[in-house]
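Colleague: Coordinates in protein01.txt, compact mmCIF, C-alpha atoms, are listed below.
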```
# COMPACT_ATOMS: atom_id res chain seq x y z
CA MET S 1 32.31 13.86 27.97
CA SER S 2 36.00 13.24 28.50
CA GLY S 3 35.72 14.79 31.92
CA SER S 4 33.13 12.31 33.09
CA ALA S 5 35.13 9.46 31.56
CA LEU S 6 38.11 10.51 33.63
CA LEU S 7 35.96 10.65 36.71
CA LEU S 8 34.72 7.10 36.10
CA ALA S 9 38.21 5.82 35.48
CA ALA S 10 39.33 7.43 38.71
CA ALA S 11 36.75 5.45 40.66
CA GLU S 12 38.73 2.29 39.84
CA ASP S 13 36.18 -0.33 40.91
CA PRO S 14 37.13 -3.99 40.72
CA LYS S 15 35.60 -5.82 37.78
CA VAL S 16 32.28 -7.54 38.39
CA HIS S 17 31.99 -11.12 37.19
CA LEU S 18 29.14 -13.60 37.05
CA THR S 19 28.64 -15.56 40.23
CA ALA S 20 28.65 -19.36 40.20
CA GLN S 21 24.95 -19.25 41.09
CA THR S 22 24.03 -17.23 37.98
CA ARG S 23 26.11 -19.49 35.80
CA ILE S 24 24.37 -22.66 36.97
CA LEU S 25 20.96 -21.02 36.55
CA ALA S 26 21.87 -19.81 33.05
CA ALA S 27 23.10 -23.26 32.01
CA VAL S 28 19.89 -24.91 33.23
CA ILE S 29 17.73 -22.34 31.43
CA ALA S 30 19.77 -22.71 28.24
CA VAL S 31 19.36 -26.49 28.20
CA ALA S 32 15.64 -26.25 28.96
CA PHE S 33 15.26 -23.64 26.23
CA MET S 34 16.90 -25.85 23.62
CA LEU S 35 14.83 -28.85 24.66
CA MET S 36 11.71 -26.73 24.30
CA ILE S 37 12.73 -25.76 20.76
CA LEU S 38 13.35 -29.39 19.84
CA GLU S 39 9.95 -30.30 21.21
CA LEU S 40 8.26 -27.51 19.23
CA ILE S 41 9.89 -28.74 16.03
CA ARG S 42 8.90 -32.32 16.82
CA ARG S 43 5.26 -31.27 17.19
CA ASP S 44 5.31 -29.23 13.97
CA ARG S 45 4.65 -26.03 15.91
CA LEU S 46 7.89 -24.44 14.72
CA GLN S 47 9.48 -24.68 11.29
CA GLU S 48 13.14 -25.65 11.19
CA ARG S 49 14.19 -22.55 9.29
CA PHE S 50 12.90 -20.35 12.10
CA SER S 51 14.38 -22.53 14.82
CA VAL S 52 18.05 -22.19 13.83
CA VAL S 53 18.48 -18.71 15.22
CA TRP S 54 16.85 -19.68 18.52
CA PHE S 55 18.98 -22.79 18.83
CA VAL S 56 22.12 -20.78 18.23
CA ALA S 57 20.98 -18.33 20.93
CA GLY S 58 20.52 -21.26 23.34
CA LEU S 59 23.99 -22.61 22.53
CA GLY S 60 25.50 -19.15 23.09
CA MET S 61 23.78 -18.95 26.45
CA LEU S 62 25.16 -22.33 27.43
CA ALA S 63 28.67 -21.42 26.26
CA GLY S 64 28.53 -18.19 28.27
CA ALA S 65 27.54 -20.14 31.38
CA ILE S 66 30.21 -22.81 31.01
CA PHE S 67 33.12 -20.57 29.99
CA PRO S 68 32.87 -17.33 32.02
CA GLY S 69 36.12 -16.16 30.44
CA LEU S 70 34.24 -15.64 27.17
CA LEU S 71 31.86 -13.06 28.58
CA ALA S 72 34.58 -11.34 30.60
CA GLY S 73 36.61 -11.02 27.40
CA VAL S 74 33.66 -9.53 25.53
CA ALA S 75 33.03 -7.11 28.40
CA ASP S 76 36.66 -6.03 28.25
CA LEU S 77 36.35 -5.48 24.50
CA MET S 78 33.26 -3.34 25.04
CA GLY S 79 35.00 -1.38 27.76
CA VAL S 80 32.38 -2.43 30.32
CA ARG S 81 33.53 -3.19 33.82
CA ASP S 82 30.48 -5.19 34.84
CA THR S 83 30.08 -8.47 32.96
CA ASN S 84 26.35 -8.48 33.69
CA VAL S 85 25.91 -5.17 31.87
CA ALA S 86 27.76 -6.55 28.88
CA LEU S 87 25.50 -9.60 28.93
CA PHE S 88 22.34 -7.48 29.04
CA SER S 89 23.57 -5.24 26.22
CA ILE S 90 24.37 -8.18 23.97
CA ILE S 91 21.03 -9.85 24.61
CA LEU S 92 19.19 -6.58 24.02
CA LEU S 93 20.92 -6.09 20.70
CA LEU S 94 20.21 -9.67 19.65
CA LEU S 95 16.52 -9.30 20.50
CA LEU S 96 16.37 -6.02 18.61
CA GLY S 97 17.85 -7.70 15.56
CA LEU S 98 15.42 -10.61 15.85
CA ALA S 99 12.42 -8.30 16.17
CA LEU S 100 13.51 -6.46 13.05
CA ASN S 101 13.98 -9.76 11.27
CA PHE S 102 10.41 -10.70 12.13
CA SER S 103 9.12 -7.39 10.80
CA VAL S 104 10.88 -8.10 7.53
CA ILE S 105 9.37 -11.58 7.36
CA MET S 106 5.94 -10.17 8.23
CA SER S 107 6.19 -7.54 5.51
CA ARG S 108 7.06 -10.16 2.93
CA GLN S 109 4.20 -12.36 4.03
CA ALA S 110 1.76 -9.46 4.02
CA ALA S 111 2.73 -8.74 0.42
CA GLN S 112 2.29 -12.39 -0.46
CA ILE S 113 -1.13 -12.54 1.18
CA THR S 114 -2.22 -9.41 -0.68
CA ARG S 115 -1.12 -10.87 -4.00
CA LEU S 116 -2.88 -14.13 -3.21
CA ALA S 117 -6.10 -12.26 -2.42
CA GLN S 118 -5.78 -10.26 -5.65
CA GLU S 119 -5.23 -13.36 -7.75
CA ARG S 120 -8.32 -15.00 -6.30
CA ALA S 121 -10.40 -11.87 -6.84
CA LEU S 122 -9.19 -11.56 -10.44
CA GLU S 123 -9.97 -15.18 -11.20
CA LYS S 124 -13.51 -14.84 -9.88
CA ALA S 125 -14.02 -11.63 -11.83
CA ARG S 126 -12.73 -13.22 -15.02
CA GLU S 127 -15.10 -16.15 -14.61
CA GLN S 128 -18.00 -13.81 -14.00
CA ALA S 129 -17.14 -11.66 -17.02
CA ALA S 130 -16.76 -14.73 -19.22
CA SER S 131 -20.05 -16.26 -18.19
CA ALA S 132 -21.81 -12.92 -18.64
CA LYS S 133 -20.43 -12.69 -22.16
CA ASN S 134 -21.36 -16.26 -23.09
CA GLY S 135 -24.65 -16.95 -21.41
CA GLY S 136 -26.29 -13.54 -21.35
CA GLU S 137 -27.70 -14.18 -17.92
CA PRO S 138 -24.67 -14.32 -15.64
CA GLU S 139 -24.68 -17.10 -13.11
CA ARG S 140 -23.84 -15.64 -9.77
CA GLU S 141 -22.41 -18.02 -7.31
CA ARG S 142 -21.15 -16.27 -4.27
CA LEU S 143 -19.27 -17.84 -1.44
CA GLU S 144 -20.21 -15.36 1.22
CA GLY S 145 -23.82 -14.95 2.26
CA MET J 1 -0.61 4.46 -30.69
CA THR J 2 -3.54 6.82 -30.36
CA ALA J 3 -1.79 9.88 -31.70
CA GLY J 4 -3.28 9.19 -35.12
CA PRO J 5 -5.33 11.66 -37.14
CA ARG J 6 -8.54 12.94 -35.69
CA GLY J 7 -11.79 11.58 -36.95
CA ARG J 8 -10.63 7.99 -37.20
CA ILE J 9 -11.80 6.23 -34.12
CA PRO J 10 -9.21 3.70 -32.99
CA VAL J 11 -10.52 0.43 -31.61
CA VAL J 12 -9.56 0.81 -27.99
CA ARG J 13 -10.77 -0.97 -24.93
CA THR J 14 -11.33 0.98 -21.76
CA LEU J 15 -11.88 -0.32 -18.26
CA VAL J 16 -13.46 1.79 -15.57
CA PHE J 17 -13.03 0.32 -12.12
CA ILE J 18 -14.49 1.32 -8.79
CA PRO J 19 -12.77 0.36 -5.55
CA ALA J 20 -15.46 -0.19 -2.94
CA TRP J 21 -15.29 -0.96 0.74
CA ASN J 22 -18.68 -1.13 2.44
CA GLU J 23 -20.33 1.24 -0.02
CA ALA J 24 -23.59 -0.64 -0.56
CA ASP J 25 -25.57 2.61 -0.22
CA SER J 26 -23.90 4.44 -3.06
CA VAL J 27 -22.22 1.94 -5.37
CA ALA J 28 -25.30 1.17 -7.48
CA ALA J 29 -25.78 4.85 -8.34
CA VAL J 30 -22.12 5.18 -9.29
CA ILE J 31 -22.35 2.10 -11.53
CA ALA J 32 -25.47 3.48 -13.21
CA GLY J 33 -23.75 6.84 -13.70
CA VAL J 34 -20.70 5.27 -15.32
CA ARG J 35 -22.91 3.13 -17.57
CA GLU J 36 -24.80 6.21 -18.71
CA ARG J 37 -21.84 8.54 -19.21
CA LEU J 38 -19.21 6.05 -20.41
CA PRO J 39 -21.17 3.39 -22.28
CA GLU J 40 -18.12 2.28 -24.27
CA ALA J 41 -16.15 1.29 -21.17
CA ASP J 42 -16.21 -2.05 -19.37
CA LEU J 43 -16.97 -1.82 -15.69
CA LEU J 44 -15.31 -3.55 -12.77
CA VAL J 45 -16.07 -3.12 -9.09
CA VAL J 46 -13.16 -4.06 -6.84
CA ASP J 47 -14.66 -5.07 -3.54
CA ASP J 48 -12.09 -4.63 -0.78
CA GLY J 49 -13.45 -7.24 1.59
CA SER J 50 -16.74 -5.50 2.27
CA THR J 51 -18.83 -6.86 5.11
CA ASP J 52 -22.06 -5.26 3.95
CA ALA J 53 -24.09 -5.90 0.80
CA THR J 54 -21.67 -4.14 -1.57
CA VAL J 55 -20.93 -7.28 -3.61
CA ALA J 56 -24.58 -8.21 -3.94
CA VAL J 57 -25.61 -4.68 -4.88
CA ALA J 58 -22.83 -4.32 -7.44
CA SER J 59 -23.57 -7.70 -9.06
CA GLU J 60 -27.26 -6.86 -9.08
CA ALA J 61 -26.43 -3.64 -10.90
CA GLY J 62 -24.70 -5.76 -13.54
CA ALA J 63 -21.07 -4.95 -12.77
CA THR J 64 -18.28 -7.48 -12.85
CA VAL J 65 -17.00 -7.79 -9.30
CA ALA J 66 -13.45 -8.65 -8.24
CA SER J 67 -13.88 -9.48 -4.59
CA LEU J 68 -10.88 -9.50 -2.27
CA PRO J 69 -11.50 -12.10 0.44
CA PHE J 70 -10.51 -9.68 3.19
CA ASN J 71 -9.88 -5.96 3.54
CA GLN J 72 -6.48 -5.13 2.09
CA GLY J 73 -6.54 -1.37 1.88
CA LEU J 74 -7.20 1.05 -0.95
CA GLY J 75 -3.80 0.55 -2.58
CA ALA J 76 -4.27 -3.19 -2.92
CA ALA J 77 -7.78 -2.68 -4.27
CA LEU J 78 -6.58 -0.20 -6.88
CA GLN J 79 -3.74 -2.47 -7.88
CA THR J 80 -6.27 -5.25 -8.36
CA GLY J 81 -8.03 -3.02 -10.87
CA TYR J 82 -4.80 -2.25 -12.69
CA LEU J 83 -3.90 -5.95 -12.71
CA TYR J 84 -7.27 -6.79 -14.26
CA ALA J 85 -6.75 -4.11 -16.90
CA LEU J 86 -3.29 -5.48 -17.67
CA ARG J 87 -4.26 -9.15 -17.84
CA GLU J 88 -7.43 -8.58 -19.85
CA GLY J 89 -5.56 -6.42 -22.34
CA TYR J 90 -7.21 -3.05 -21.84
CA ASP J 91 -5.56 -0.05 -23.49
CA PHE J 92 -6.88 2.50 -21.03
CA CYS J 93 -8.38 2.51 -17.60
CA ALA J 94 -9.87 4.93 -15.13
CA HIS J 95 -11.05 4.66 -11.58
CA LEU J 96 -13.33 6.64 -9.33
CA ASP J 97 -14.56 6.37 -5.75
CA ALA J 98 -17.67 4.39 -4.91
CA ASP J 99 -19.08 6.95 -2.48
CA GLY J 100 -20.55 9.20 -5.14
CA GLN J 101 -18.05 12.04 -4.79
CA HIS J 102 -16.79 11.64 -8.32
CA PRO J 103 -19.20 12.47 -11.14
CA PRO J 104 -18.75 9.92 -13.97
CA ALA J 105 -18.99 12.70 -16.53
CA GLU J 106 -15.75 14.15 -15.13
CA VAL J 107 -14.05 10.78 -15.50
CA GLY J 108 -14.86 10.99 -19.18
CA ARG J 109 -12.92 14.25 -19.37
CA LEU J 110 -9.89 12.59 -17.75
CA LEU J 111 -10.05 9.69 -20.21
CA GLU J 112 -10.16 12.21 -23.05
CA GLU J 113 -6.67 13.35 -22.05
CA VAL J 114 -5.14 9.86 -22.24
CA TYR J 115 -7.07 9.04 -25.43
CA GLU J 116 -5.50 12.09 -27.04
CA ASP J 117 -2.10 10.99 -25.70
CA ARG J 118 -1.51 14.23 -23.85
CA ALA J 119 -0.55 12.36 -20.68
CA ASP J 120 0.12 8.86 -19.35
CA LEU J 121 -1.67 9.45 -16.07
CA VAL J 122 -4.36 12.04 -15.42
CA LEU J 123 -5.69 13.08 -12.02
CA GLY J 124 -8.92 14.81 -11.30
CA SER J 125 -8.19 17.73 -9.00
CA ARG J 126 -10.86 19.33 -6.89
CA TYR J 127 -8.58 22.21 -5.94
CA ARG J 128 -7.20 23.36 -9.26
CA GLU J 129 -9.38 26.11 -10.73
CA ALA J 130 -10.85 25.42 -14.11
CA ASP J 131 -8.96 27.40 -16.73
CA GLY J 132 -11.92 27.69 -19.02
CA GLY J 133 -15.50 27.60 -17.95
CA GLU J 134 -16.44 24.62 -20.02
CA GLY J 135 -18.46 21.67 -18.82
CA ALA J 136 -18.90 20.62 -15.22
CA SER J 137 -21.74 23.03 -14.67
CA GLU J 138 -24.60 20.70 -15.55
CA ILE J 139 -23.74 18.20 -12.83
CA ALA J 140 -26.37 18.18 -10.14
CA GLY J 141 -25.41 17.82 -6.52
CA GLU J 142 -23.81 19.64 -3.67
CA ASP J 143 -20.23 20.76 -4.26
CA TYR J 144 -17.47 19.11 -2.30
CA ARG J 145 -16.24 21.09 0.70
CA PRO J 146 -13.04 19.83 2.31
CA THR J 147 -12.79 19.71 6.10
CA ILE J 148 -10.04 21.58 7.95
CA SER J 149 -7.92 18.51 8.68
CA ARG J 150 -8.29 17.39 5.10
CA ARG J 151 -7.13 20.80 3.95
CA ILE J 152 -4.07 20.80 6.19
CA GLY J 153 -3.13 17.30 5.09
CA THR J 154 -3.58 18.21 1.47
CA SER J 155 -1.33 21.24 1.67
CA VAL J 156 1.38 19.32 3.52
CA PHE J 157 1.36 16.56 0.91
CA ARG J 158 1.18 19.10 -1.86
CA PHE J 159 4.34 20.76 -0.57
CA PHE J 160 6.34 17.59 -0.13
CA LEU J 161 5.19 15.94 -3.31
CA THR J 162 6.03 19.07 -5.28
CA LEU J 163 9.44 19.01 -3.62
CA ALA J 164 9.93 15.35 -4.48
CA THR J 165 8.70 15.44 -8.05
CA ARG J 166 9.40 19.05 -9.04
CA GLN J 167 5.94 19.12 -10.53
CA ARG J 168 2.97 21.05 -9.21
CA PHE J 169 0.17 18.93 -7.82
CA THR J 170 -2.85 20.38 -6.09
CA ASP J 171 -4.94 17.31 -5.26
CA THR J 172 -2.45 14.64 -4.27
CA THR J 173 -4.93 12.24 -2.74
CA SER J 174 -7.39 12.36 -5.59
CA GLY J 175 -8.97 8.96 -6.20
CA MET J 176 -10.22 9.86 -9.66
CA ARG J 177 -7.65 8.95 -12.29
CA ALA J 178 -7.25 7.86 -15.87
CA ALA J 179 -4.28 5.94 -17.22
CA ASN J 180 -2.92 4.48 -20.43
CA ARG J 181 -1.24 1.15 -21.03
CA ARG J 182 2.19 2.37 -19.91
CA THR J 183 0.84 3.44 -16.54
CA ILE J 184 -1.21 0.25 -16.22
CA GLU J 185 1.95 -1.81 -16.69
CA LEU J 186 3.83 0.20 -14.08
CA PHE J 187 1.08 0.28 -11.46
CA SER J 188 0.04 -3.35 -11.76
CA GLU J 189 3.54 -4.41 -10.77
CA ASN J 190 4.59 -1.61 -8.40
CA TYR J 191 1.88 -0.18 -6.26
CA SER J 192 2.36 0.40 -2.59
CA PRO J 193 -0.52 -1.12 -0.66
CA ASP J 194 0.16 1.26 2.21
CA PHE J 195 0.11 4.68 0.74
CA ALA J 196 -1.34 4.35 -2.67
CA GLU J 197 -2.23 7.86 -3.75
CA ILE J 198 0.94 9.76 -2.96
CA GLU J 199 3.53 7.11 -3.61
CA SER J 200 2.03 6.20 -6.96
CA LEU J 201 2.37 9.81 -8.13
CA GLN J 202 5.98 9.95 -7.00
CA LEU J 203 6.64 6.63 -8.72
CA ALA J 204 4.98 7.69 -11.96
CA VAL J 205 6.99 10.93 -12.17
CA ARG J 206 10.22 9.14 -11.28
CA GLU J 207 9.63 6.57 -13.99
CA GLY J 208 9.25 9.37 -16.50
CA LEU J 209 5.51 9.18 -17.09
CA ARG J 210 3.64 12.30 -18.09
CA VAL J 211 1.33 13.09 -15.20
CA GLU J 212 -1.29 15.76 -15.59
CA GLU J 213 -3.98 17.29 -13.42
CA VAL J 214 -7.37 18.24 -14.72
CA PRO J 215 -9.75 20.38 -12.67
CA VAL J 216 -12.93 18.51 -11.85
CA ARG J 217 -16.01 19.06 -9.76
CA MET J 218 -16.43 16.75 -6.84
CA LEU J 219 -19.58 16.33 -4.85
CA GLU J 220 -20.40 15.71 -1.23
CA ARG J 221 -20.45 11.99 -0.59
CA THR J 222 -23.84 10.35 -0.82
CA GLY J 223 -23.08 7.43 1.46
CA GLY J 224 -20.64 6.37 4.15
CA SER J 225 -18.38 8.73 6.02
CA SER J 226 -14.76 9.83 5.74
CA PHE J 227 -12.37 7.65 7.67
CA LEU J 228 -10.29 10.66 8.72
CA THR J 229 -10.28 11.74 12.34
CA PRO J 230 -7.76 14.37 13.57
CA LEU J 231 -5.55 11.69 15.12
CA ARG J 232 -5.68 9.54 12.03
CA SER J 233 -4.95 12.55 9.86
CA THR J 234 -1.81 13.32 11.83
CA PHE J 235 -0.64 9.73 11.60
CA PHE J 236 -1.51 9.75 7.91
CA ILE J 237 0.57 12.87 7.30
CA PHE J 238 3.63 11.52 9.10
CA LYS J 239 3.36 8.22 7.32
CA GLY J 240 3.09 10.04 4.03
CA MET J 241 6.23 12.06 4.70
CA ILE J 242 8.22 8.93 5.52
CA VAL J 243 6.91 7.18 2.45
CA LEU J 244 7.89 10.10 0.24
CA LEU J 245 11.34 10.31 1.78
CA VAL J 246 11.98 6.61 1.32
CA GLY J 247 10.58 6.75 -2.19
CA GLN J 248 13.19 9.30 -3.17
CA PHE J 249 15.93 6.75 -2.54
CA ARG J 250 14.26 3.79 -4.23
CA PRO J 251 16.08 2.45 -7.27
CA ARG J 252 14.34 3.30 -10.53
CA LYS J 253 12.62 0.43 -12.31
CA VAL J 254 13.46 1.40 -15.87
CA GLY J 255 15.62 3.95 -17.66
CA THR J 256 13.89 7.28 -17.50
CA GLU J 257 14.87 9.08 -20.64
CA ARG J 258 11.78 10.62 -22.14
```
Take the structure in the file and give it back as structure tokens.

Modeller:
Amino acid sequence: MSGSALLLAAAEDPKVHLTAQTRILAAVIAVAFMLMILELIRRDRLQERFSVVWFVAGLGMLAGAIFPGLLAGVADLMGVRDTNVALFSIILLLLLGLALNFSVIMSRQAAQITRLAQERALEKAREQAASAKNGGEPERERLEG
Amino acid sequence: MTAGPRGRIPVVRTLVFIPAWNEADSVAAVIAGVRERLPEADLLVVDDGSTDATVAVASEAGATVASLPFNQGLGAALQTGYLYALREGYDFCAHLDADGQHPPAEVGRLLEEVYEDRADLVLGSRYREADGGEGASEIAGEDYRPTISRRIGTSVFRFFLTLATRQRFTDTTSGMRAANRRTIELFSENYSPDFAEIESLQLAVREGLRVEEVPVRMLERTGGSSFLTPLRSTFFIFKGMIVLLVGQFRPRKVGTER
């Protein structure tokens, strides 16, 4: 472990930064991304509470493109020589966190759907039991054929 | 509340519910069997989003049907039954499978245990040997024979559940159970939709309920087929182990002094 670390340190490559070309491309994509989010909200395809995190991600992307010093600083903190690698790592971690967040939301919604289905089933059953008790001949209205 | 003197029959209400998912072939016979053997109990069929004629057949047979609009899994179906028992004020409830594996007469023996207040939750076990020789013999039908994968799964769960609860269980996935009000209250609020059978046992023991196994006879199913394939069984076992592990670290719902 420490041996290979020494070996890497000995290589002493110059630091790799983002090129101007990548930065311009990233800025354009970031702006387009944020516009797309605004459009989705405007058309009621995306709820505001879910859009915040994406908007923040877009802003971060834009900031990284405009101020390359930011990313270089983060790369230094991480001990990564190549700024691109630092960028990829950060994005990967963010996406991982987002995916987990969605699983949490999905779990909650699955539980809510289950409870909703149960409540409906119970209500129907209660009606059926009540009408059977009152009228003798239970009236059976079923929704599904 | 039922520990009173023998001879006096307390006015208790019992609900027997049957979770059913596409069991149109066998559910009517099960309903008739329960009616005959347990005439004092109210009957509820919980339809778990069946796409066949289960609902029609069950209603035709005179059962009250709680119909989930789409398939939600066995745990959700069972919880629906417990919720119904809770809301409608039943003192005791029992459930059995709709495929004809569980003889209604055996359910009566499970209910006997909770009526007599010997346990809060009683499971029918097809693996535990009967200690006496009483009953069970007059039930007609072919005896239940577990498949290999079912047997492996059962022994794995048995081991881990025993480890988790420090209580010996032989038939952890048994779908034939009887419960009193205390258990109804617990299960109607906390019942995992994912892994109903195992997790509910772990939960019950952790919450300090008295869980007991009673040996029962189970029959070969009369309709449908088991959903277990070798691949599914393996997945099922791994899922079960994770569920049990996580369950050990769940916060307890209530104080557990007995």

Colleague: Mind giving me the straight-line distance from CA of Ala94 in chain J to CA of Arg177 in chain J in Å, one decimal?

Modeller: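 CA of Ala94 in chain J sits 5.4 Å away from CA of Arg177 in chain J.
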
Colleague: So, with all atoms listed in the file as the atoms that count, which of S:Ala130, S:Ala72, S:Ala121, S:Ile41 lies closest to chain J?

Modeller: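 Ranked by minimum distance to chain J, first place goes to S:Ala121.
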
Colleague: Need to verify the contact set: Met34 in chain S, 9 Å, all atoms listed in the file, exclusion of same-chain residues closer than 4 positions in sequence. Can you return it as a list in words?

Modeller: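 Near Met34 in chain S, the qualifying residues are Ile29, Ala30, Leu38, Glu39, Trp54, Phe55, Ala57, Gly58 and Leu59 of chain S.
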
Colleague: Give one line per residue of chain S that approaches chain J to at most 8 Å, naming the two atoms of the closest pair and their distance in Å to one decimal, counting only C-alpha atoms; sort by chain then ascending residue number and deliver it as CSV.

Modeller:
```
residue,atom,partner,partner_atom,distance
S:Thr114,CA,J:Gln72,CA,6.6
S:Ala117,CA,J:Leu68,CA,5.5
S:Gln118,CA,J:Thr80,CA,5.7
S:Arg120,CA,J:Leu68,CA,7.3
S:Ala121,CA,J:Ala66,CA,4.7
S:Leu122,CA,J:Ala66,CA,5.6
S:Glu123,CA,J:Ala66,CA,8.0
S:Lys124,CA,J:Ala66,CA,6.4
S:Ala125,CA,J:Ala66,CA,4.7
S:Gln128,CA,J:Thr64,CA,6.4
S:Ala129,CA,J:Thr64,CA,6.0
S:Arg140,CA,J:Ser59,CA,8.0
```

Colleague: Identify which of the residues S:Ala110, S:Met78, S:Leu116, S:Ile105 lies closest to Phe50 in chain S, counting only C-alpha atoms when measuring atom-to-atom distances.

Modeller: S:Ile105

Colleague: Do you have the CA of Ile152 in chain J-CA of Pro103 in chain J distance handy?

Modeller: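 Value for the CA of Ile152 in chain J-CA of Pro103 in chain J distance: 24.5 Å.
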
Colleague: Asp25 in chain J: which residues within 10 Å, counting all atoms listed in the file, same-chain residues fewer than 2 positions away excluded, as number ranges by chain?

Modeller: J: 22-23, 27-29, 52-54, 57, 98-100, 222-224

Colleague: How many Å lie between CA of Arg81 in chain S and CA of Leu95 in chain S, rounded to one decimal?

Modeller: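 If I compute the distance from CA of Arg81 in chain S to CA of Leu95 in chain S, I get 22.5 Å.
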
Colleague: Give as a list in words every residue, naming chains and numbers as the document does, that has an atom within 12 Å of (-0.4, 22.1, 1.7), counting all atoms listed in the file.

Modeller: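 With a cut-off of 12 Å, the residues come to Tyr127, Ile148, Ser149, Arg150, Arg151, Ile152, Gly153, Thr154, Ser155, Val156, Phe157, Arg158, Phe159, Phe160, Leu161, Thr162, Leu163, Arg168, Phe169, Thr170, Asp171, Thr172, Thr173 and Ile237 of chain J.
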
Colleague: Write out as a PyMOL selection string which residues come within 12 Å of Val74 in chain S when counting only C-alpha atoms, dropping same-chain ones fewer than 5 positions away.

Modeller: chain S and resi 17+64+67-69+79-87+89-90

Colleague: Output range 159-170 of chain J as a PDB file, in the frame of the given file, making sure N, CA and C atoms are there.

Modeller:
```pdb
ATOM      1  N   PHE J 159       2.997  20.178  -0.686  1.00  0.00           N
ATOM      2  CA  PHE J 159       4.340  20.760  -0.570  1.00  0.00           C
ATOM      3  C   PHE J 159       5.408  19.704  -0.785  1.00  0.00           C
ATOM      4  N   PHE J 160       5.282  18.591  -0.064  1.00  0.00           N
ATOM      5  CA  PHE J 160       6.340  17.590  -0.130  1.00  0.00           C
ATOM      6  C   PHE J 160       6.372  16.858  -1.472  1.00  0.00           C
ATOM      7  N   LEU J 161       5.215  16.632  -2.016  1.00  0.00           N
ATOM      8  CA  LEU J 161       5.190  15.940  -3.310  1.00  0.00           C
ATOM      9  C   LEU J 161       5.766  16.842  -4.403  1.00  0.00           C
ATOM     10  N   THR J 162       5.468  18.128  -4.324  1.00  0.00           N
ATOM     11  CA  THR J 162       6.030  19.070  -5.280  1.00  0.00           C
ATOM     12  C   THR J 162       7.548  19.095  -5.138  1.00  0.00           C
ATOM     13  N   LEU J 163       8.006  19.047  -3.883  1.00  0.00           N
ATOM     14  CA  LEU J 163       9.440  19.010  -3.620  1.00  0.00           C
ATOM     15  C   LEU J 163      10.068  17.753  -4.212  1.00  0.00           C
ATOM     16  N   ALA J 164       9.383  16.638  -4.044  1.00  0.00           N
ATOM     17  CA  ALA J 164       9.930  15.350  -4.480  1.00  0.00           C
ATOM     18  C   ALA J 164       9.898  15.183  -5.994  1.00  0.00           C
ATOM     19  N   THR J 165       8.862  15.698  -6.618  1.00  0.00           N
ATOM     20  CA  THR J 165       8.700  15.440  -8.050  1.00  0.00           C
ATOM     21  C   THR J 165       9.030  16.649  -8.918  1.00  0.00           C
ATOM     22  N   ARG J 166       9.194  17.813  -8.294  1.00  0.00           N
ATOM     23  CA  ARG J 166       9.400  19.050  -9.040  1.00  0.00           C
ATOM     24  C   ARG J 166       8.299  19.291 -10.054  1.00  0.00           C
ATOM     25  N   GLN J 167       7.098  18.861  -9.689  1.00  0.00           N
ATOM     26  CA  GLN J 167       5.940  19.120 -10.530  1.00  0.00           C
ATOM     27  C   GLN J 167       4.823  19.566  -9.614  1.00  0.00           C
ATOM     28  N   ARG J 168       3.992  20.516 -10.084  1.00  0.00           N
ATOM     29  CA  ARG J 168       2.970  21.050  -9.210  1.00  0.00           C
ATOM     30  C   ARG J 168       1.744  20.144  -9.190  1.00  0.00           C
ATOM     31  N   PHE J 169       1.404  19.678  -7.992  1.00  0.00           N
ATOM     32  CA  PHE J 169       0.170  18.930  -7.820  1.00  0.00           C
ATOM     33  C   PHE J 169      -0.695  19.658  -6.806  1.00  0.00           C
ATOM     34  N   THR J 170      -1.977  19.709  -7.044  1.00  0.00           N
ATOM     35  CA  THR J 170      -2.850  20.380  -6.090  1.00  0.00           C
ATOM     36  C   THR J 170      -3.691  19.375  -5.304  1.00  0.00           C
TER      37      THR J 170
END
```
